[in-house]
$ cat start.txt   # compact mmCIF, C-alpha atoms and all ligand atoms
# COMPACT_ATOMS: atom_id res chain seq x y z
CA MET F 1 117.22 106.52 109.01
CA LYS F 2 113.74 105.17 108.22
CA THR F 3 115.31 102.74 105.76
CA GLU F 4 117.84 101.50 108.32
CA ASN F 5 114.95 101.11 110.77
CA LEU F 6 112.95 99.04 108.29
CA ARG F 7 115.93 96.83 107.55
CA SER F 8 116.49 96.11 111.23
CA LEU F 9 112.77 95.53 111.89
CA VAL F 10 112.56 93.10 108.96
CA ASN F 11 115.53 91.16 110.32
CA SER F 12 114.55 91.42 113.99
CA GLY F 13 112.68 88.12 114.26
CA LYS F 14 109.89 90.04 116.01
CA ILE F 15 106.61 90.18 114.08
CA MET F 16 105.90 93.57 112.46
CA LYS F 17 102.46 95.12 111.95
CA VAL F 18 102.10 97.16 108.79
CA MET F 19 99.02 99.21 107.83
CA GLY F 20 97.86 100.12 104.33
CA ALA F 21 97.44 103.81 103.52
CA HIS F 22 96.42 105.93 100.56
CA ASN F 23 97.28 109.49 101.59
CA GLY F 24 99.09 111.50 104.25
CA LEU F 25 96.22 111.48 106.73
CA SER F 26 95.55 107.73 106.62
CA ALA F 27 99.28 107.08 107.06
CA LYS F 28 99.43 109.43 110.04
CA LEU F 29 96.45 107.69 111.66
CA ALA F 30 98.23 104.35 111.25
CA GLU F 31 101.40 105.74 112.78
CA ASN F 32 99.46 107.23 115.70
CA ALA F 33 97.73 103.88 116.29
CA GLY F 34 101.12 102.19 116.73
CA PHE F 35 101.87 100.39 113.46
CA ASP F 36 105.52 99.71 112.69
CA ALA F 37 105.42 100.72 109.03
CA ILE F 38 103.10 101.88 106.25
CA TRP F 39 102.11 99.93 103.14
CA ALA F 40 101.41 102.39 100.30
CA SER F 41 98.70 100.18 98.85
CA GLY F 42 98.11 100.09 95.10
CA PHE F 43 94.56 98.95 95.73
CA GLU F 44 93.82 101.81 98.13
CA ILE F 45 95.48 104.45 95.96
CA ALA F 46 93.57 103.27 92.87
CA ALA F 47 90.35 103.30 94.92
CA THR F 48 90.90 106.93 95.90
CA TYR F 49 91.10 107.77 92.19
CA ALA F 50 87.92 105.67 91.73
CA VAL F 51 89.66 103.47 89.14
CA PRO F 52 90.32 99.69 89.18
CA ASP F 53 93.49 98.23 90.70
CA ALA F 54 94.77 97.15 87.28
CA ASN F 55 97.74 99.42 86.49
CA ILE F 56 95.38 102.11 85.28
CA LEU F 57 97.35 104.64 87.31
CA THR F 58 100.89 105.36 86.20
CA MET F 59 104.00 104.79 88.28
CA THR F 60 104.28 108.58 88.71
CA GLU F 61 100.75 108.85 90.09
CA ASN F 62 101.54 106.15 92.66
CA LEU F 63 104.93 107.69 93.39
CA ASN F 64 103.36 111.09 94.11
CA VAL F 65 101.04 109.54 96.69
CA ALA F 66 103.95 107.57 98.18
CA HIS F 67 105.86 110.84 98.54
CA LEU F 68 102.90 112.44 100.33
CA ILE F 69 102.65 109.44 102.64
CA ASN F 70 106.38 109.39 103.37
CA LYS F 71 106.42 113.09 104.26
CA SER F 72 103.53 112.62 106.70
CA VAL F 73 105.05 109.93 108.93
CA SER F 74 108.26 109.11 110.72
CA ILE F 75 107.87 105.33 110.39
CA PRO F 76 109.17 103.55 107.25
CA VAL F 77 107.04 103.26 104.11
CA ILE F 78 106.91 100.12 101.98
CA CYS F 79 105.49 100.75 98.50
CA ASP F 80 103.34 98.32 96.59
CA CYS F 81 104.89 98.63 93.13
CA ASP F 82 102.65 96.07 91.40
CA SER F 83 104.73 94.11 88.89
CA GLY F 84 107.31 96.86 88.51
CA TYR F 85 105.46 98.92 85.87
CA GLY F 86 106.89 97.03 82.90
CA ASP F 87 110.14 95.22 82.17
CA ILE F 88 113.58 95.38 83.83
CA ASN F 89 114.18 98.90 82.53
CA ASN F 90 110.95 100.09 84.15
CA VAL F 91 112.02 98.36 87.38
CA ALA F 92 115.40 100.13 87.34
CA HIS F 93 113.71 103.49 86.76
CA MET F 94 111.15 102.74 89.46
CA ILE F 95 113.84 101.92 92.05
CA LYS F 96 115.70 105.17 91.29
CA GLU F 97 112.50 107.20 91.63
CA TYR F 98 111.28 105.56 94.84
CA GLU F 99 114.70 105.74 96.43
CA SER F 100 115.00 109.42 95.50
CA ILE F 101 111.93 110.27 97.61
CA GLY F 102 113.19 108.29 100.60
CA ILE F 103 111.05 105.17 100.36
CA SER F 104 112.41 102.39 102.58
CA GLY F 105 110.98 99.31 100.90
CA VAL F 106 109.36 98.25 97.65
CA CYS F 107 107.38 95.16 96.78
CA ILE F 108 107.05 93.73 93.29
CA GLU F 109 104.83 90.79 92.35
CA ASP F 110 105.43 88.00 89.84
CA LYS F 111 102.61 88.82 87.44
CA PRO F 112 102.99 90.37 84.00
CA PHE F 113 102.29 94.06 83.36
CA PRO F 114 99.49 95.18 83.50
CA LYS F 115 98.55 93.36 86.68
CA LEU F 116 95.10 92.80 88.12
CA ASN F 117 94.24 92.90 91.83
CA SER F 118 94.78 89.46 93.35
CA PHE F 119 91.16 89.09 94.43
CA LEU F 120 89.77 89.61 90.92
CA GLY F 121 88.94 86.54 88.88
CA GLU F 122 90.39 83.05 88.77
CA GLY F 123 93.52 81.71 87.10
CA GLN F 124 95.60 84.88 87.04
CA GLU F 125 98.63 84.78 84.77
CA LEU F 126 102.05 84.42 86.39
CA GLU F 127 105.27 85.98 85.16
CA ASP F 128 107.99 83.61 83.98
CA ILE F 129 110.32 82.78 86.90
CA GLU F 130 113.49 83.82 85.06
CA ILE F 131 112.00 87.12 83.90
CA PHE F 132 110.84 87.95 87.41
CA SER F 133 114.15 86.86 88.97
CA GLU F 134 115.88 89.29 86.63
CA LYS F 135 113.60 92.08 87.90
CA ILE F 136 114.70 91.31 91.47
CA ARG F 137 118.38 91.26 90.44
CA ILE F 138 118.02 94.60 88.63
CA ALA F 139 116.16 96.15 91.58
CA GLN F 140 118.97 95.17 93.93
CA GLU F 141 121.67 96.31 91.52
CA THR F 142 120.01 99.69 91.03
CA LYS F 143 119.40 100.75 94.62
CA LYS F 144 122.12 102.88 96.21
CA ASN F 145 121.16 102.36 99.84
CA LYS F 146 121.90 98.73 100.65
CA ASP F 147 119.28 98.86 103.43
CA MET F 148 116.38 99.53 101.06
CA VAL F 149 114.20 96.40 101.29
CA VAL F 150 113.12 94.68 98.08
CA ILE F 151 110.23 92.29 98.67
CA ALA F 152 109.45 89.61 96.07
CA ARG F 153 105.75 88.80 96.07
CA ILE F 154 104.70 85.33 94.98
CA GLU F 155 101.28 85.07 93.36
CA ALA F 156 101.31 81.33 92.61
CA PHE F 157 98.68 80.46 95.26
CA ILE F 158 96.53 83.31 93.89
CA ALA F 159 96.89 81.80 90.40
CA GLY F 160 95.63 78.45 91.71
CA LYS F 161 99.02 76.71 91.77
CA GLY F 162 100.19 74.43 94.55
CA LEU F 163 102.90 74.60 97.19
CA SER F 164 105.63 73.19 94.94
CA GLU F 165 105.29 76.10 92.49
CA VAL F 166 105.36 78.59 95.38
CA LEU F 167 108.49 76.97 96.83
CA LYS F 168 110.20 76.86 93.43
CA ARG F 169 109.61 80.58 93.03
CA ALA F 170 110.64 81.32 96.63
CA TYR F 171 114.07 79.70 96.15
CA ALA F 172 114.53 81.33 92.73
CA TYR F 173 113.77 84.82 94.07
CA GLU F 174 115.94 84.22 97.13
CA LYS F 175 118.81 83.28 94.80
CA ALA F 176 118.11 86.43 92.75
CA GLY F 177 118.68 88.54 95.88
CA ALA F 178 115.22 89.30 97.31
CA ASP F 179 115.25 90.63 100.89
CA ALA F 180 111.89 89.12 101.86
CA LEU F 181 109.11 87.00 100.35
CA LEU F 182 105.46 88.05 100.33
CA ILE F 183 103.37 84.91 100.07
CA HIS F 184 99.89 85.93 98.95
CA SER F 185 96.85 83.73 99.48
CA LYS F 186 93.14 84.25 98.93
CA LYS F 187 92.04 81.20 100.87
CA LYS F 188 89.51 81.69 103.66
CA ASP F 189 91.98 80.27 106.17
CA VAL F 190 95.70 80.54 106.80
CA SER F 191 96.49 76.95 105.72
CA GLU F 192 98.41 77.79 102.51
CA ILE F 193 100.59 80.20 104.46
CA TYR F 194 101.34 77.68 107.20
CA ASP F 195 102.06 74.97 104.59
CA PHE F 196 104.59 77.30 103.02
CA CYS F 197 106.14 78.24 106.38
CA LYS F 198 106.60 74.59 107.32
CA SER F 199 108.17 73.60 103.99
CA TYR F 200 110.33 76.63 103.22
CA LYS F 201 113.94 75.97 104.19
CA GLY F 202 115.40 79.27 103.00
CA ASP F 203 116.46 82.26 105.07
CA LEU F 204 114.19 85.09 103.96
CA PRO F 205 111.64 86.83 106.18
CA ILE F 206 108.05 85.96 105.27
CA VAL F 207 105.43 88.64 104.62
CA ILE F 208 101.67 88.01 104.50
CA VAL F 209 98.47 89.96 103.72
CA PRO F 210 95.63 88.40 105.76
CA THR F 211 92.66 89.92 103.91
CA THR F 212 90.63 86.73 103.36
CA TYR F 213 91.74 84.97 106.54
CA PRO F 214 91.11 87.71 109.14
CA ASP F 215 91.12 85.47 112.20
CA VAL F 216 94.86 84.82 112.18
CA ASN F 217 96.54 84.93 115.52
CA LEU F 218 99.71 87.02 115.66
CA GLY F 219 101.35 84.70 118.21
CA MET F 220 100.78 81.68 115.97
CA LEU F 221 102.03 83.55 112.91
CA GLU F 222 105.18 84.46 114.80
CA LYS F 223 105.67 80.81 115.79
CA HIS F 224 105.38 79.84 112.13
CA GLY F 225 108.09 82.35 111.25
CA VAL F 226 105.96 85.10 109.71
CA GLN F 227 107.83 88.40 110.01
CA LEU F 228 105.55 91.08 108.50
CA VAL F 229 101.77 91.24 108.55
CA ILE F 230 100.29 93.77 106.13
CA TYR F 231 96.72 94.93 106.81
CA ALA F 232 96.50 96.17 103.25
CA ASN F 233 93.06 97.69 102.86
CA HIS F 234 91.32 98.12 106.21
CA GLY F 235 91.77 101.89 106.32
CA ILE F 236 89.93 102.59 103.11
CA ARG F 237 87.28 99.95 103.78
CA SER F 238 86.44 101.44 107.17
CA SER F 239 86.39 105.02 105.87
CA VAL F 240 84.14 104.21 102.89
CA ASN F 241 81.71 102.52 105.22
CA ALA F 242 81.72 105.54 107.54
CA MET F 243 81.22 108.02 104.67
CA GLN F 244 78.39 106.01 103.14
CA GLU F 245 76.54 105.93 106.46
CA THR F 246 77.03 109.66 107.02
CA PHE F 247 75.99 110.65 103.51
CA LYS F 248 72.89 108.42 103.64
CA SER F 249 71.87 109.96 106.93
CA ILE F 250 72.18 113.52 105.64
CA ILE F 251 70.11 112.73 102.55
CA LYS F 252 67.48 111.04 104.70
CA ASP F 253 67.26 113.69 107.45
CA GLY F 254 67.97 116.82 105.46
CA ASN F 255 70.30 117.95 108.26
CA THR F 256 73.39 116.74 110.11
CA VAL F 257 71.99 116.55 113.65
CA ASN F 258 71.98 112.75 113.89
CA ILE F 259 75.55 112.30 112.77
CA GLU F 260 77.25 115.14 114.67
CA ASN F 261 78.24 112.86 117.54
CA SER F 262 79.56 110.05 115.37
CA ILE F 263 81.77 112.08 113.05
CA THR F 264 85.22 113.39 113.91
CA SER F 265 85.26 116.87 115.40
CA MET F 266 86.78 119.75 113.50
CA GLU F 267 89.21 120.15 116.42
CA GLU F 268 90.54 116.64 115.93
CA ILE F 269 91.09 117.24 112.23
CA PHE F 270 92.85 120.53 113.04
CA ARG F 271 95.07 118.59 115.43
CA LEU F 272 95.92 115.95 112.82
CA GLN F 273 96.74 118.69 110.33
CA GLY F 274 99.31 120.11 112.75
CA THR F 275 97.44 123.41 112.81
CA LYS F 276 99.04 124.46 116.07
CA ASN F 277 102.36 124.65 114.27
CA LEU F 278 101.16 127.49 112.06
CA LYS F 279 103.35 130.52 112.50
CA LYS F 280 101.69 133.74 113.61
CA PRO F 281 102.32 136.45 111.03
CA THR F 282 103.94 139.45 112.74
CA TYR F 283 102.10 141.83 110.40
CA ASN F 284 98.80 140.89 112.10
CA MET F 285 100.01 141.49 115.63
C1 LIG F 301 97.36 96.17 97.72
O1 LIG F 301 97.10 96.60 98.85
O2 LIG F 301 97.27 96.84 96.70
C2 LIG F 301 97.82 94.79 97.55
C3 LIG F 301 97.34 93.75 98.43
O3 LIG F 301 98.54 94.54 96.62
S1 LIG F 301 96.02 92.98 97.64
O4 LIG F 301 94.96 93.94 97.42
O5 LIG F 301 95.65 91.94 98.57
O6 LIG F 301 96.45 92.41 96.40
MG MG F 302 98.50 95.97 95.14

$ encode --input "start.txt" --output "structure tokens"
Amino acid sequence: MKTENLRSLVNSGKIMKVMGAHNGLSAKLAENAGFDAIWASGFEIAATYAVPDANILTMTENLNVAHLINKSVSIPVICDCDSGYGDINNVAHMIKEYESIGISGVCIEDKPFPKLNSFLGEGQELEDIEIFSEKIRIAQETKKNKDMVVIARIEAFIAGKGLSEVLKRAYAYEKAGADALLIHSKKKDVSEIYDFCKSYKGDLPIVIVPTTYPDVNLGMLEKHGVQLVIYANHGIRSSVNAMQETFKSIIKDGNTVNIENSITSMEEIFRLQGTKNLKKPTYNM
């Protein structure tokens, strides 16, 4: 059902807001806030393991977190699957595994394995167009549920290439069967994205990740034909900030008096955990 929902949202023509998550609780908070779907972020998941976003974690480690996330929410989950964890055989295996735990969408990017987070360093290496197109074809061939969404992520702007390279890849991945195109940019403004939107004459929904251009206006994005906006990392960035402040204050004061009013109450955490659903054991009555 979630997968059918994602498919119809992606094709609805109405802009979708998607929030990054790294565990069950962060996904639930995003659902409660009103997001349409969850992005199981490779960056966030790697950060929770305190390791770089560079394919240090295995597919299975990411899959286990995705499973946790998917069980915690009733909105669809789109998984960031980096560059597919290897070659076409890894992609086929990955699709089977993610589909088996009920994931509604996957995203693979056109960089070789192992990948590096898009905001690290200049001149990142791109995967060959034919090799990546084959990954998209295999992903589509492997899935059993036709509604599962396979997003092809284009890293050409990230690698310092121009619009023509991005367009070439967009048409190639569309021909290979992609369901949507994630156009990634690390520019400080939305210009690369709008350039792409104006020039792209294909039919696929456009997905963006506005990390470095935070002032984008949803109405304008919608007018330019953007379909999905992924806020990929704001959950973990806000929680790290909050934890650092709290921990500093406790070390400084030697007690927790000054932070009691700014931290979440135990009652709220109990609520989020669904504690009220605990069954009362009859043997204690
Ligand atoms: C992620 O959230 O892991 C992403 C988006 O892939 S980015 O960090 O912008 O590459
Ligand atoms: Mg990622």

$ residues_near_ligand --input "start.txt" --ligand "ligand LIG 301 (chain F)" --cutoff "6 Å" --atoms "only C-alpha atoms and all ligand atoms" --output "PyMOL selection string"
chain F and resi 41-43+117-118+232-233

$ residues_around --input "start.txt" --residues "Ile230 (chain F)" --least-positions-apart "2" --cutoff "6 Å" --atoms "only C-alpha atoms" --output "NGL selection string"
:F and (18-19 or 209 or 232)

$ residues_near_ligand --input "start.txt" --ligand "ligand MG 302 (chain F)" --cutoff "10 Å" --atoms "all atoms listed in the file" --output "list in words"
Trp39, Ala40, Ser41, Gly42, Phe43, Glu44, Ile45, Ala46, Asp53, Ala54, Asn55, Cys79, Asp80, Cys81, Asp82, Ser83, Cys107, Ile108, Glu109, Lys115, Leu116, Asn117, Ser118, Ala232 and Asn233 of chain F

$ closest_residue --input "start.txt" --among "F:Thr211, F:Ser164, F:Asn89, F:Asn64" --to "Val229 (chain F)" --atoms "all atoms listed in the file"
F:Thr211

$ atom_distance --input "start.txt" --atom1 "CA of Gly225 (chain F)" --atom2 "CA of Val207 (chain F)"
9.5 Å

$ atom_distance --input "start.txt" --atom1 "CA of Ile206 (chain F)" --atom2 "CA of Leu57 (chain F)"
28.0 Å

$ residues_around --input "start.txt" --residues "Glu260 (chain F)" --least-positions-apart "6" --cutoff "12 Å" --atoms "all atoms listed in the file" --output "list in words"
Thr246, Ser249, Ile250 and Met266 of chain F

$ write_last_selection --input "start.txt" --atoms "C-alpha atoms" --output "CSV table (one decimal), in the frame of the given file"
chain,number,residue,atom,x,y,z
F,246,THR,CA,77.0,109.7,107.0
F,249,SER,CA,71.9,110.0,106.9
F,250,ILE,CA,72.2,113.5,105.6
F,266,MET,CA,86.8,119.8,113.5

$ closest_residue --input "start.txt" --among "F:Ile56, F:Asp179, F:Lys201, F:Tyr213" --to "Lys146 (chain F)" --atoms "all atoms listed in the file"
F:Asp179

$ residues_around --input "start.txt" --residues "Val166 (chain F)" --least-positions-apart "5" --cutoff "8 Å" --atoms "all atoms listed in the file" --output "list in words"
Ile154, Glu155, Ala156, Phe157, Lys161 and Phe196 of chain F

$ residues_around --input "start.txt" --residues "Ala176 (chain F)" --least-positions-apart "5" --cutoff "8 Å" --atoms "all atoms listed in the file" --output "number ranges by chain"
F: 133-134, 136-137

$ closest_residue --input "start.txt" --among "F:Ala180, F:Leu218, F:Leu272, F:Ile193" --to "Asn32 (chain F)" --atoms "only C-alpha atoms"
F:Leu272

$ atom_distance --input "start.txt" --atom1 "CA of Gln140 (chain F)" --atom2 "CA of Ala178 (chain F)"
7.7 Å

$ closest_residue --input "start.txt" --among "F:Leu221, F:Val257, F:Val73, F:Met94" --to "Met16 (chain F)" --atoms "all atoms listed in the file"
F:Leu221

$ decode --input "start.txt" --residues "region 55-78 of chain F" --atoms "N, CA, C and O atoms" --output "compact mmCIF listing (two decimals), in the first residue's frame"
# COMPACT_ATOMS: atom_id res chain seq x y z
N ASN F 55 30.58 4.57 1.80
CA ASN F 55 30.41 3.11 1.68
C ASN F 55 31.25 2.34 2.68
O ASN F 55 31.73 1.23 2.39
N ILE F 56 31.43 2.91 3.85
CA ILE F 56 32.10 2.16 4.92
C ILE F 56 31.12 1.13 5.47
O ILE F 56 31.49 -0.02 5.73
N LEU F 57 29.86 1.55 5.62
CA LEU F 57 28.84 0.61 6.08
C LEU F 57 28.44 -0.31 4.93
O LEU F 57 28.46 0.09 3.77
N THR F 58 28.07 -1.51 5.27
CA THR F 58 27.64 -2.47 4.24
C THR F 58 26.19 -2.21 3.85
O THR F 58 25.46 -1.50 4.55
N MET F 59 25.78 -2.85 2.75
CA MET F 59 24.37 -2.76 2.35
C MET F 59 23.49 -3.28 3.48
O MET F 59 22.45 -2.70 3.79
N THR F 60 23.90 -4.37 4.12
CA THR F 60 23.07 -4.99 5.16
C THR F 60 22.90 -4.05 6.35
O THR F 60 21.81 -3.99 6.94
N GLU F 61 23.95 -3.33 6.70
CA GLU F 61 23.82 -2.38 7.81
C GLU F 61 22.81 -1.28 7.46
O GLU F 61 21.97 -0.90 8.29
N ASN F 62 22.87 -0.78 6.24
CA ASN F 62 21.90 0.23 5.81
C ASN F 62 20.49 -0.35 5.72
O ASN F 62 19.51 0.28 6.11
N LEU F 63 20.41 -1.57 5.22
CA LEU F 63 19.11 -2.25 5.08
C LEU F 63 18.44 -2.44 6.45
O LEU F 63 17.23 -2.24 6.59
N ASN F 64 19.24 -2.82 7.44
CA ASN F 64 18.67 -3.03 8.78
C ASN F 64 18.06 -1.74 9.33
O ASN F 64 17.00 -1.76 9.95
N VAL F 65 18.74 -0.62 9.08
CA VAL F 65 18.19 0.66 9.56
C VAL F 65 16.93 1.00 8.75
O VAL F 65 15.92 1.46 9.30
N ALA F 66 16.98 0.73 7.45
CA ALA F 66 15.81 1.01 6.60
C ALA F 66 14.60 0.21 7.09
O ALA F 66 13.47 0.70 7.11
N HIS F 67 14.85 -1.01 7.51
CA HIS F 67 13.77 -1.88 8.01
C HIS F 67 13.14 -1.26 9.27
O HIS F 67 11.93 -1.18 9.41
N LEU F 68 14.03 -0.82 10.16
CA LEU F 68 13.60 -0.17 11.41
C LEU F 68 12.74 1.06 11.10
O LEU F 68 11.68 1.26 11.68
N ILE F 69 13.23 1.85 10.15
CA ILE F 69 12.51 3.07 9.76
C ILE F 69 11.14 2.69 9.19
O ILE F 69 10.11 3.24 9.58
N ASN F 70 11.13 1.73 8.30
CA ASN F 70 9.89 1.37 7.60
C ASN F 70 8.84 0.83 8.58
O ASN F 70 7.65 1.08 8.41
N LYS F 71 9.31 0.13 9.62
CA LYS F 71 8.36 -0.42 10.59
C LYS F 71 7.79 0.67 11.50
O LYS F 71 6.78 0.46 12.16
N SER F 72 8.48 1.81 11.57
CA SER F 72 8.07 2.86 12.51
C SER F 72 7.07 3.85 11.94
O SER F 72 6.52 4.65 12.68
N VAL F 73 6.87 3.83 10.63
CA VAL F 73 6.01 4.85 10.01
C VAL F 73 5.00 4.23 9.05
O VAL F 73 5.19 3.10 8.57
N SER F 74 3.94 5.00 8.78
CA SER F 74 2.98 4.49 7.80
C SER F 74 3.09 5.22 6.46
O SER F 74 2.36 4.93 5.52
N ILE F 75 4.00 6.19 6.38
CA ILE F 75 4.26 6.84 5.08
C ILE F 75 5.38 6.06 4.35
O ILE F 75 6.14 5.31 4.98
N PRO F 76 5.47 6.23 3.02
CA PRO F 76 6.47 5.45 2.26
C PRO F 76 7.91 5.85 2.59
O PRO F 76 8.18 7.00 2.95
N VAL F 77 8.81 4.89 2.43
CA VAL F 77 10.24 5.12 2.68
C VAL F 77 11.00 4.96 1.36
O VAL F 77 10.82 3.97 0.64
N ILE F 78 11.81 5.98 1.08
CA ILE F 78 12.70 5.94 -0.10
C ILE F 78 14.11 5.75 0.45
O ILE F 78 14.56 6.52 1.31
